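A quick write-up on the structure given underneath.
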Amino acid sequence: MAVEPILSVEDLSVRIAGLHILQGVSFEVAPTGVTVLLGRNGVGKSTTLRAIVGLTPRNGEARGTVRMGAQSLLARPTHRLVRGGLGYVPEDRCVFAGLTVAENLRLAERRGTTPAYDKVFALFPELDRRGRQRAGSLSGGQQQMLAIGRVLLNDNRLLLVDEPTKGLAPKVVTEVAEVLERVAESVPVLLVEQNLAVVRRLASDAVVLSAGRVAWTGDARELLLETALTKSLLGVGSAEVHS
Amino acid sequence: MTEVKSAEVPAPPATVPDELTPGHARWHGLRPYLPLVALVVAAVLPYSTLNLPGVFEGPLNSPGTLQLLAICLVFGGLAAGYDLLFGRTGMLSFGHALYFAAGVYGTDVLITKAGLPLWQAALLTVVGGTTLAALLGAVALRTVGIAFAMVTLAFAQVGAILVARDFGGLTGGEEGLPLDVSGLPAGLVGVTNTVNLYWLALAYLAIVVLVVHRVSGSPTGRVLAGLRDDERRIGVLGLDPYRFKLVAFTLAGGLATAGGVVYVLIVGGASPHITSSELTLSLLVMVVLGGPGTRWGPVLGGVLYMYLDHRLTAFGSSDAVNNLPAFLSHPLSQPLFVLGTVFILAVYFFPGGLASLRTRLTPLLTTLRPRR
Amino acid sequence: MNTVVLLTLTGLGLAALYFLVASGLSLVFGLADVLNFAHGLFLGVGAYATWWAAGNLPGAGSDGLGFVVAVLFGVLAGSLVAVLVELVLIRPLYSRTIEQVLVTVGLSLAGVALLQATWGADPRPFPRPDWSRDVTSVLGAQVPNAGLLLIVAAVVVLGALLAFLRWTRYGLIIRAGVENREMVTALGIDVRKAFTLVFAIGGAAAALAGALGGVYFGTVSPGQGGSLLIFAFIVVVIGGMGSVVGSAYAAVAVGLLQQFVNYYGTSGLGDLCVVGLLAVVLLLRPQGLAGKVAHA
């Protein structure tokens, strides 16, 4: 890459409960646009994101080097990383079901900074309207909006977004993709995504994981054009790629 | 032991690999016989008139010393049995005292109140205690983790309440129930026969150790170790975790009941404090101090704990402690204060317990040993 | 009728005691996953500190304002010990749940032994205001004032806790942390500060239970916390770990059940019924009545 990457992962290895899930993963994330992390189920995509943000489970261990700018990330506590501008939208939304929408957002507020409610409510007007509703009673799509919205209340240098369209209806998938497209205009995104239509729409770069290692990196469009490659790496047919 | 698992699986928090360092071939050859040697030494110990001032109050063959040793041995066995749950299966039960108490009170009540001969009382008690463990285990094991710990704690509390409230005048309530020794075999009664009780306790310990080793070396034991490391993986293999845990729970309960039968003979009665949750907590302390999931750790932990619990009382009232300033001498006169503190330190600094000392010391010894 | 009123109110007094102990246990467990066996120690510290203050602390005494000062001192001491325990012993073992339980077990053994070493094993008469020995006539029943005091204290604590959880930033963090601790840190919040806080709150509530329990029973002894703790555990499990409101409901259920059955049945039968209730609840709803959600 010609430009300095926003995030560089070098030789990242993760063991969880004795299983060697990542075995020396190295890749970089461009300072603009969406870098997508692809691979079959269980290949370690979410594990990679969680390791970057310091959420490797207690019975696991992450080794290697992860840098955001000049800063080394591994072994620093999650809340420090997040305050340093690493936004994380987890798999399965993880909104606080017992809290109201407004409370979910309020939780993300930080002392000394003004939360960007204007920006968030412009992207997701629904969150403003449903402020008093319990997050657990929102639909899957609305929960996803909330999960993204609360991260956008603060300034981020990089967003990690884990499978934002999982389990959503096709129409909602498009909505989420649109939002991410707008978000990515101002902040780089490392995205884990299974829906290739979304990948096609958003991704500029792609990193493909296979069996705990990086199998392919490069231009995302290039990858999607090569059906044979996509099929062998991702286990999907050409019909699905071109749908 | 844990060798059966692949090297990929990390040791559970407190398990210590029982490997031998290379270059100890002779040692290696002798090692399997060591437990036997230890057993023989323990068995002939009562013939010694050796006096160890400070360690024991009387010579080794005095009734007082033998009784203390017998109690230590029973608790060594109890701790080994409890480790079947905690160290080898990863079940945190807070109600193990119940089955021990069932053994103590069951035998005592059947002999003293029902007038049964010892062998019948013992048999009935062990069968009853094992059944009780199976029944309560069947209920408690529907929960996991902390909830399981709470349910077992609550069940044990029922036992404590039943004993303390003295329903039907069977248990003697707060006073306890002295054992009626008139119907017992003569060899188990009287101060001069303490040595027989000592041998009985030793036999109990040997049996428990044998059973625990046989079980943990068997295919069932490997499943139990798998449950401890990751229950889901056992589920994936198509095995029912519930059944295996129930087997371990029942077996451990039965062993504890048998321990109670021996204990009541040694101390000659039952007192309500053995039903308290504190006893279970002590078992946990013994196992963790010794080294959970290891071959000899829990036994060692149990023996040492009981020894210290008894001897620290004497130590606490000794002149050495009494001459200390009050803020030191008062706490030191409380065995539980000393043991609790040692236990906390052990959790921090010796996560593998006593059994890990050898592995920890090996590198040190290797560097200290002169090169040949 | 009189008997029913009396039993209800004494049952509620018992429930208040359980609630004061259980609410802290429940929050500590719900947020930090620590099954705190040392919670009974906080109660003991509160009781003994109040007892000590009433006799020795200038301005404190066993009556009137002096009594309030003594209780405040006890609550402060309990809270302080709880914070120290969290900072020194629990925090270094963060996320190692079993080791944390073991440390609290060791602490409960050593701590009670220390109380015993310092003040002896025998119960000591507890300083209490004269009015607390009297009875008040409620609907014809003569109810001990000490029991009413417990009920009032528990209701105040419940209200304060709920207000704290509902309207403060830390309350919000605690409610969120009980649901999903990891996600709280992923929003840039140092959740461990909240751990210290729940220990402080739990310690204070338990210490208050110790002080007012001393007034209720008239004596204080080192082992008092331990026997209460088991029933408090049962209350926590029945109510649902992490739920303050659940603890309140469960405490009332347990207190009333115990009091009524012990009176109308054999003494001790009520305790057994409580354990039976626990077994039933766990088999029907393993997550407890309120589940692992801190409702406000």
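If you're wondering about the labels, chains in the structure tokens are A, B, ... by order shown, residues count from 1 in each chain, ligands from 1 in order shown.
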Sorted per-residue table, chain C near chain B, closest atoms and distance, 10 Å, only C-alpha atoms, as a tab-separated table:
residue	atom	partner	partner_atom	distance
C:Phe29	CA	B:Ile146	CA	9.9
C:Asp33	CA	B:Ile146	CA	9.3
C:Val34	CA	B:Ile146	CA	9.7
C:Leu35	CA	B:Ile146	CA	7.7
C:Leu89	CA	B:Ile344	CA	8.7
C:Pro92	CA	B:Tyr348	CA	9.1
C:Leu93	CA	B:Tyr348	CA	8.4
C:Arg96	CA	B:Pro13	CA	9.2
C:Thr97	CA	B:Ile146	CA	9.9
C:Ile98	CA	B:Leu92	CA	8.7
C:Glu99	CA	B:Val347	CA	6.6
C:Gln100	CA	B:Val347	CA	8.9
C:Val101	CA	B:Ile146	CA	9.9
C:Leu102	CA	B:Val347	CA	7.3
C:Val103	CA	B:Ile344	CA	5.3
C:Thr104	CA	B:Ile344	CA	8.3
C:Val105	CA	B:Leu281	CA	6.9
C:Gly106	CA	B:Gly340	CA	4.5
C:Leu107	CA	B:Gly340	CA	6.3
C:Ser108	CA	B:Gly340	CA	7.8
C:Leu109	CA	B:Gly340	CA	5.5
C:Ala110	CA	B:Phe337	CA	3.9
C:Gly111	CA	B:Phe337	CA	6.9
C:Val112	CA	B:Phe337	CA	7.8
C:Ala113	CA	B:Phe337	CA	5.1
C:Leu114	CA	B:Pro331	CA	5.6
C:Leu115	CA	B:Pro331	CA	8.6
C:Gln116	CA	B:Gln334	CA	8.0
C:Ala117	CA	B:His330	CA	5.1
C:Thr118	CA	B:His330	CA	6.5
C:Trp119	CA	B:His330	CA	9.5
C:Gly120	CA	B:His330	CA	9.6
C:Gly226	CA	B:Glu278	CA	9.2
C:Ser227	CA	B:Ser277	CA	9.5
C:Ile230	CA	B:Ala154	CA	7.4
C:Phe231	CA	B:Ala154	CA	8.4
C:Phe233	CA	B:Met150	CA	7.2
C:Ile234	CA	B:Ala154	CA	7.3
C:Val236	CA	B:Met150	CA	9.7
C:Val237	CA	B:Ala147	CA	7.2
C:Met241	CA	B:Ala147	CA	9.7
C:Thr266	CA	B:Phe167	CA	9.0
C:Ser267	CA	B:Arg165	CA	7.5
C:Gly268	CA	B:Arg165	CA	6.4
C:Leu269	CA	B:Ile161	CA	8.8
C:Asp271	CA	B:Ile161	CA	7.5
C:Leu272	CA	B:Val158	CA	5.9
C:Cys273	CA	B:Val158	CA	9.4
C:Val274	CA	B:Ala154	CA	9.1
C:Val275	CA	B:Ala154	CA	6.0
C:Gly276	CA	B:Phe155	CA	8.9
C:Leu278	CA	B:Val151	CA	7.6
C:Ala279	CA	B:Val151	CA	7.0
C:Val280	CA	B:Val139	CA	9.9
C:Leu282	CA	B:Thr143	CA	7.4
C:Leu283	CA	B:Arg142	CA	7.1
C:Pro286	CA	B:Thr143	CA	6.8
C:Gln287	CA	B:Ala147	CA	8.5
C:Gly288	CA	B:Ala147	CA	9.5
With a distance threshold of 10 Å and counting only C-alpha atoms, extract the residues of chain C near chain A and express them as a PyMOL selection string.
chain C and resi 94-96+166+169-170+172-173+175-180+182-191+293-296
At what distance in Å, to one decimal, does atom CA of B:Val236 lie from atom CA of A:Val208?
28.3 Å
Select from stretch 283-361 of chain B everything DSSP, run on the backbone, classes as alpha helix (DSSP H), then give the selection as a VMD selection string.
chain B and resid 283 to 290 297 to 316 319 to 322 326 to 332 335 to 349 355 to 361
Interface list for chain A, partner chain B, 10 Å threshold, only C-alpha atoms, as a PyMOL selection string:
chain A and resi 15-20+59-60
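Coordinates place atom CA of A:Glu163 at a distance of 7.3 Å from atom CA of A:Leu191.
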I need the strand (DSSP E or B) residues of stretch 64-213 of chain A per DSSP on the backbone, written as a VMD selection string.
chain A and resid 64 to 68 71 to 72 86 to 89 100 134 158 to 162 189 to 192 203 to 210 213
I want to know what sits within 10 Å of B:His213, based on only C-alpha atoms, with residues of the same chain fewer than 2 positions away left out; could you give that as a ChimeraX atom specification?
/B:1,80,84,207-211,215-218,221,294-295
Output for the residues just chosen: N, CA and C atoms as a short mmCIF file (atom, residue, chain, number, x, y, z; two decimals), in the first residue's frame:
data_model
loop_
_atom_site.label_atom_id
_atom_site.label_comp_id
_atom_site.auth_asym_id
_atom_site.auth_seq_id
_atom_site.Cartn_x
_atom_site.Cartn_y
_atom_site.Cartn_z
N MET B 1 -4.88 -39.43 35.09
CA MET B 1 -4.31 -38.09 35.06
C MET B 1 -4.62 -37.45 33.72
N ALA B 80 -9.61 -36.28 48.90
CA ALA B 80 -9.39 -36.97 47.63
C ALA B 80 -10.73 -37.24 46.95
N LEU B 84 -12.56 -35.50 43.32
CA LEU B 84 -13.22 -36.14 42.19
C LEU B 84 -14.23 -35.19 41.57
N ILE B 207 -8.43 -47.03 50.12
CA ILE B 207 -9.53 -47.39 49.22
C ILE B 207 -9.97 -46.19 48.39
N VAL B 208 -10.13 -45.03 49.06
CA VAL B 208 -10.56 -43.84 48.32
C VAL B 208 -9.55 -43.50 47.22
N VAL B 209 -8.26 -43.50 47.59
CA VAL B 209 -7.24 -43.16 46.61
C VAL B 209 -7.30 -44.13 45.43
N LEU B 210 -7.44 -45.41 45.76
CA LEU B 210 -7.52 -46.42 44.71
C LEU B 210 -8.72 -46.18 43.80
N VAL B 211 -9.88 -45.95 44.41
CA VAL B 211 -11.10 -45.74 43.62
C VAL B 211 -10.94 -44.51 42.72
N VAL B 215 -10.98 -44.59 38.71
CA VAL B 215 -12.01 -43.86 37.96
C VAL B 215 -11.38 -42.85 37.01
N SER B 216 -10.40 -42.09 37.52
CA SER B 216 -9.87 -41.03 36.65
C SER B 216 -9.01 -41.61 35.54
N GLY B 217 -8.52 -42.84 35.71
CA GLY B 217 -7.76 -43.46 34.63
C GLY B 217 -8.65 -44.14 33.60
N SER B 218 -9.92 -44.33 33.95
CA SER B 218 -10.83 -45.05 33.07
C SER B 218 -11.38 -44.13 31.99
N GLY B 221 -13.25 -41.39 33.43
CA GLY B 221 -12.41 -40.33 33.98
C GLY B 221 -11.98 -39.35 32.92
N THR B 294 -4.60 -33.45 41.07
CA THR B 294 -3.35 -34.18 41.09
C THR B 294 -3.50 -35.44 41.92
N ARG B 295 -2.52 -36.34 41.79
CA ARG B 295 -2.66 -37.65 42.40
C ARG B 295 -2.62 -37.57 43.92
#
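With atom CA of C:Gly61 on one side and atom CA of C:Val83 on the other, the separation reads 26.2 Å.
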For A:Ile52, list every protein, DNA or RNA residue within 8 Å, evaluated using only C-alpha atoms, and leave out those in the same chain fewer than 4 positions away; present the list as an MDAnalysis selection string.
chainID A and resid 48 66 73:74
Determine, counting only C-alpha atoms, which protein, DNA and RNA residues have an atom within 10 Å of an atom of A:Ala70; residues of the same chain fewer than 4 positions away are not included. Present the result as a VMD selection string.
chain A and resid 6 to 8 66
